[in-house]
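**Student:** Got a structure for you, questions after.
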Amino acid sequence: MTEVVGGEDVGGGGHVERVLRGAAPHELFEEVRVVLARDHGAAGAELLMADYASARLQPVTVRPFTAGSVSAYNSAEGRAFGSQEPHVVPGEDGATVHLPVTVRGDRLGVLSVRFPAGVAVGALLAPLRDVADALAHEILVADRDTDFFLQARRARRLTLAAEMQWQLLPGRSCSRPEYDLGAQLEPAYAVFGDSFDWSASADHLTLTVNNGMGEGIDAALLTNLAVSALRNARRADLGLADQAALADQALYGQYQGRRHLAMLLLRFDLDTGEAEVIDAGSPRVWRLRGGVVEPIGLEAQLPLGMFEDTVYTCQSLRVLPGDRLFFLSDGVYDVLSPAGEPYGLHALTRAVMSTRLLPPSQVPRALLEELPGYRGGVDAADDAMVVCLDWHGRPGR
């Protein structure tokens with residue numbers, strides 16, 4: 001149903017983007033409904049946002065917590081969310097197309113579009129994907145000016161510490177030709193000290209994994225200060241060791257050694273796979289290469305903020321195309337079974353192998369779901385974080 005009128009692509013991707021750019025942030029989805037009905041003959045549409053635990057898809061409604069959610073795994077909508085491909089569900093009175101709402105690999109949710117009987121939905125999949133992609137980009141922009149979509153993600157209320165931590169994150173997944181990233185925090189609605197950050201340039205990927213000491217607001221404030229200091233140093237184009245030193249000084253200046261933050265800081269060369277690494281605390285790295293899972297031994301240095309004027313030095317690590325790296329907080333690998341065996345001893349290897357066919361965006365959630373069963377029903381004593389990185393290498397090299 002896309003046509004060109006006076007040089008304008010009516011119903012095409014460019015048209016949708018122009019319409020959404022002119023819409024009020026909280027009215028984006030209503031504009032999408034209008035476009036879908038007018039230009040593509042849709043009988044109705046629904047937008048579902050992935051919740052903070054990445055376990056449920058929450059329908060966007062006028063008020064939060066008022067509509068029933070569906071599984072992000074065991075549902076038709078979840079199939080599109082997991083596969084990141086359109087999923088068509090035929091029915092007696094028409095068909096429903098579920099489309100991933102994703103931007104640069106960050107999976108935001110699913111757009112479900114209903115069509116009456118007789119509509120050839122197969123021919124509409126390409127323009128419908130354009131609509132879903134345009135909506136994803138505009139949601140990210142809209143989040144600066146409205147709480148509408150952030151509220152829709154909530155299956156329940158966040159703690160204040162969790163609110164601070166989630167606002168600090170770059171996203172939960174990211175894709176580029178050289179790599180794919182996925183990450184998750186637990187407990188999603190009450191996380192306090194664990195955090196991650198990433199940033200890519202034309203030639204490098206910088207990744208930080210942090211585990212701040214303490215609980216609640218104190219842990220969240222510590223992590224916020226550390227991540228902000230690291231970003232400040234990175235954006236000033238300082239080297240990796242200087243980034244760590246600046247964050248160390250910021251924390252020591254604020255807390256005088258009373259509080260510190262464990263951190264793993266990495267900077268990957270996208271051309272070669274060579275990485276500079278600073279291991280300043282408890283986050284650990286495991287690697288899956290050629291069917292073998294093994295921890296990567298690094299030289300431990302002092303956590304950030306423990307002492308004044310700590311000097312940090314970089315180590316070298318090389319990743320190869322096909323490598324999968326796992327960055328874990330102690331709330332994962334130190335979890336004990338009822339028999340007292342740490343999760344990182346044997347169970348982690350089994351979990352890594354059982355998730356090897358999943359994309360990185362789904363792996364962290366799958367690993368974290370193993371922990372309650374491994375603890376034998378005992379409540380978690382610490383928050384937990386998993387970051388998964390698949391390294392592809394630069395195409396053509």
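Note on naming: chains are A, B, ... as they come in the structure tokens, residues start from 1 per chain, ligands start from 1 in the order shown.
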What's the 12 Å shell around Ser201 in chain A, counting only C-alpha atoms, without same-chain residues fewer than 2 positions away, as an mmCIF file with C-alpha atoms, in the first residue's frame?
**Tutor:**
```cif
data_model
loop_
_atom_site.group_PDB
_atom_site.id
_atom_site.type_symbol
_atom_site.label_atom_id
_atom_site.label_comp_id
_atom_site.auth_asym_id
_atom_site.auth_seq_id
_atom_site.Cartn_x
_atom_site.Cartn_y
_atom_site.Cartn_z
ATOM 1 C CA ARG A 176 27.767 -4.071 15.375
ATOM 2 C CA GLU A 178 32.464 -6.644 14.879
ATOM 3 C CA TRP A 198 29.996 0.414 27.019
ATOM 4 C CA SER A 199 30.885 2.838 24.268
ATOM 5 C CA ASP A 203 38.136 1.754 16.017
ATOM 6 C CA HIS A 204 37.534 0.727 19.632
ATOM 7 C CA LEU A 205 34.992 -0.742 22.038
ATOM 8 C CA THR A 206 35.332 0.263 25.704
ATOM 9 C CA LEU A 207 33.528 -1.952 28.209
ATOM 10 C CA ARG A 234 36.954 8.489 28.401
ATOM 11 C CA ARG A 235 35.296 11.462 26.710
ATOM 12 C CA ASP A 237 40.242 10.886 25.298
ATOM 13 C CA ARG A 267 39.318 -1.484 25.566
ATOM 14 C CA PHE A 268 39.119 -3.624 22.403
ATOM 15 C CA ASP A 269 40.753 -2.766 19.098
ATOM 16 C CA LEU A 270 38.068 -3.529 16.513
ATOM 17 C CA ASP A 271 40.646 -4.208 13.797
#
```
**Student:** As JSON, numbers by chain, which residues of range 63-277 of chain A does DSSP assign to strand (DSSP E or B)?
**Tutor:** {"A": [70, 71, 87, 88, 89, 90, 91, 94, 95, 96, 97, 98, 99, 100, 101, 102, 103, 106, 107, 108, 109, 110, 111, 112, 113, 114, 115, 116, 173, 174, 175, 176, 179, 180, 181, 182, 183, 184, 185, 186, 194, 195, 196, 197, 198, 199, 200, 204, 205, 206, 207, 208, 209, 210, 211, 212, 261, 262, 263, 264, 265, 266, 267, 268, 269, 274, 275, 276, 277]}
**Student:** Between A:Val16, A:Leu261, A:Ala23, A:Met385, which has the minimum distance to Val35 in chain A (counting only C-alpha atoms)?
**Tutor:**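 Once distances to Val35 in chain A are computed over only C-alpha atoms, the minimum belongs to A:Val16.
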**Student:** How would you write, as a PyMOL selection string, the set of residues in range 274-345 of chain A that DSSP gives as alpha helix (DSSP H)?
**Tutor:** chain A and resi 330-333
**Student:** Closest to Pro116 in chain A among A:Pro59, A:Pro321, A:Gly393, A:Gly44, using only C-alpha atoms?
**Tutor:**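 When distances to Pro116 in chain A are compared using only C-alpha atoms, the smallest one comes from A:Gly44.
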**Student:** Residues within 9 Å of range 360-364 of chain A, please, as a CSV table (one decimal) with N, CA and C atoms, in the first residue's frame. Count only C-alpha atoms; anything in the same chain fewer than 2 positions from it doesn't count.
**Tutor:**
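That gives us part-v2.csv:
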```
chain,number,residue,atom,x,y,z
A,54,SER,N,13.5,-8.5,31.6
A,54,SER,CA,13.5,-9.1,30.2
A,54,SER,C,12.8,-10.4,30.2
A,82,GLY,N,12.4,-12.8,20.7
A,82,GLY,CA,13.5,-13.7,20.8
A,82,GLY,C,14.3,-13.9,19.5
A,105,GLY,N,20.5,-3.1,17.8
A,105,GLY,CA,20.6,-4.3,18.6
A,105,GLY,C,20.0,-4.3,20.0
A,106,ASP,N,19.5,-3.1,20.5
A,106,ASP,CA,18.9,-3.0,21.8
A,106,ASP,C,17.4,-3.3,21.6
A,107,ARG,N,17.0,-4.4,22.2
A,107,ARG,CA,15.6,-4.9,22.0
A,107,ARG,C,14.7,-4.2,23.0
A,172,ARG,N,20.6,-2.6,27.1
A,172,ARG,CA,20.8,-4.0,27.5
A,172,ARG,C,21.3,-4.9,26.4
A,173,SER,N,21.5,-4.4,25.2
A,173,SER,CA,22.1,-5.2,24.2
A,173,SER,C,22.5,-4.2,23.1
A,174,CYS,N,23.5,-4.6,22.3
A,174,CYS,CA,24.1,-3.8,21.2
A,174,CYS,C,24.7,-4.6,20.2
A,180,ASP,N,28.6,-8.5,19.2
A,180,ASP,CA,27.3,-8.4,19.7
A,180,ASP,C,27.4,-8.5,21.3
A,181,LEU,N,26.6,-7.6,21.9
A,181,LEU,CA,26.7,-7.5,23.4
A,181,LEU,C,25.3,-7.7,24.0
A,182,GLY,N,25.2,-8.3,25.1
A,182,GLY,CA,24.0,-8.4,25.9
A,182,GLY,C,24.3,-8.4,27.4
A,183,ALA,N,23.4,-7.8,28.2
A,183,ALA,CA,23.7,-7.7,29.6
A,183,ALA,C,22.4,-7.7,30.4
A,184,GLN,N,22.4,-8.1,31.7
A,184,GLN,CA,21.2,-8.1,32.5
A,184,GLN,C,21.7,-7.9,34.0
A,185,LEU,N,20.9,-7.2,34.8
A,185,LEU,CA,21.0,-7.1,36.2
A,185,LEU,C,19.9,-7.8,36.9
A,324,ARG,N,33.3,-16.2,22.7
A,324,ARG,CA,32.3,-15.7,23.5
A,324,ARG,C,32.8,-15.4,24.9
A,326,PHE,N,32.2,-13.9,28.9
A,326,PHE,CA,31.2,-13.7,29.9
A,326,PHE,C,31.9,-12.9,31.0
A,352,VAL,N,26.9,-22.3,30.5
A,352,VAL,CA,27.4,-21.6,29.4
A,352,VAL,C,27.2,-22.5,28.1
A,355,THR,N,23.6,-22.6,26.8
A,355,THR,CA,23.1,-21.4,26.1
A,355,THR,C,24.0,-21.0,24.9
A,356,ARG,N,24.9,-21.9,24.5
A,356,ARG,CA,25.8,-21.5,23.4
A,356,ARG,C,25.1,-21.2,22.1
A,358,LEU,N,22.2,-19.5,21.9
A,358,LEU,CA,21.4,-18.3,22.1
A,358,LEU,C,22.2,-17.1,21.7
A,366,ALA,N,19.1,-16.0,30.6
A,366,ALA,CA,19.1,-17.5,30.8
A,366,ALA,C,20.1,-17.9,31.9
A,367,LEU,N,21.3,-17.3,32.0
A,367,LEU,CA,22.2,-17.7,33.0
A,367,LEU,C,21.6,-17.3,34.4
A,368,LEU,N,21.1,-16.1,34.5
A,368,LEU,CA,20.6,-15.6,35.8
A,368,LEU,C,19.4,-16.4,36.3
A,369,GLU,N,18.6,-17.0,35.3
A,369,GLU,CA,17.5,-17.8,35.7
A,369,GLU,C,17.9,-19.1,36.4
A,385,MET,N,25.1,-9.8,38.1
A,385,MET,CA,25.2,-9.2,36.7
A,385,MET,C,25.9,-10.1,35.8
A,386,VAL,N,25.4,-10.2,34.6
A,386,VAL,CA,26.0,-11.0,33.5
A,386,VAL,C,26.1,-10.1,32.3
A,387,VAL,N,27.3,-10.0,31.7
A,387,VAL,CA,27.5,-9.4,30.4
A,387,VAL,C,28.1,-10.4,29.4
A,388,CYS,N,27.5,-10.6,28.3
A,388,CYS,CA,27.9,-11.5,27.3
A,388,CYS,C,28.4,-10.8,26.0
A,389,LEU,N,29.6,-11.1,25.5
A,389,LEU,CA,30.1,-10.5,24.3
A,389,LEU,C,30.5,-11.6,23.3
A,390,ASP,N,29.9,-11.5,22.1
A,390,ASP,CA,30.4,-12.4,21.0
A,390,ASP,C,31.2,-11.6,20.1
```
**Student:** Quick one, how far is CA of Val121 in chain A from CA of Asp39 in chain A?
**Tutor:**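 Separation between CA of Val121 in chain A and CA of Asp39 in chain A: 13.1 Å.
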**Student:** Which of these, A:Leu168, A:Val60, A:Ala190, A:Val101, has the shortest distance to Asp147 in chain A once you count only C-alpha atoms?
**Tutor:**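 Ranked by minimum distance to Asp147 in chain A, first place goes to A:Val60.
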**Student:** As a list in words, please: the residues near Met49 in chain A (cut-off 7 Å, only C-alpha atoms, same-chain neighbours under 3 positions excluded).
**Tutor:**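 Using only C-alpha atoms, the neighbours found are Leu57, Gln58, Pro59, Val60, Leu108, Gly109, Val110, Ala152 and Arg153 of chain A.
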**Student:** Take the residues from that selection and write them out as a short mmCIF file (atom, residue, chain, number, x, y, z; two decimals), in the first residue's frame, keeping C-alpha atoms.
**Tutor:**
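Once written, part29.cif looks like this:
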```cif
data_model
loop_
_atom_site.label_atom_id
_atom_site.label_comp_id
_atom_site.auth_asym_id
_atom_site.auth_seq_id
_atom_site.Cartn_x
_atom_site.Cartn_y
_atom_site.Cartn_z
CA LEU A 57 6.30 -7.99 27.51
CA GLN A 58 4.19 -5.20 28.97
CA PRO A 59 1.38 -3.63 26.89
CA VAL A 60 1.65 0.14 26.61
CA LEU A 108 12.88 -2.62 23.31
CA GLY A 109 9.76 -4.66 22.68
CA VAL A 110 7.27 -5.90 20.08
CA ALA A 152 5.20 0.82 30.52
CA ARG A 153 8.28 -1.38 31.10
#
```
**Student:** Out of A:Glu215, A:Gly297, A:Ala226, A:Asn210, which residue has the shortest atom-to-atom distance to Ala262 in chain A when counting only C-alpha atoms?
**Tutor:**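 Of A:Glu215, A:Gly297, A:Ala226, A:Asn210, the one nearest Ala262 in chain A, counting only C-alpha atoms, is A:Asn210.
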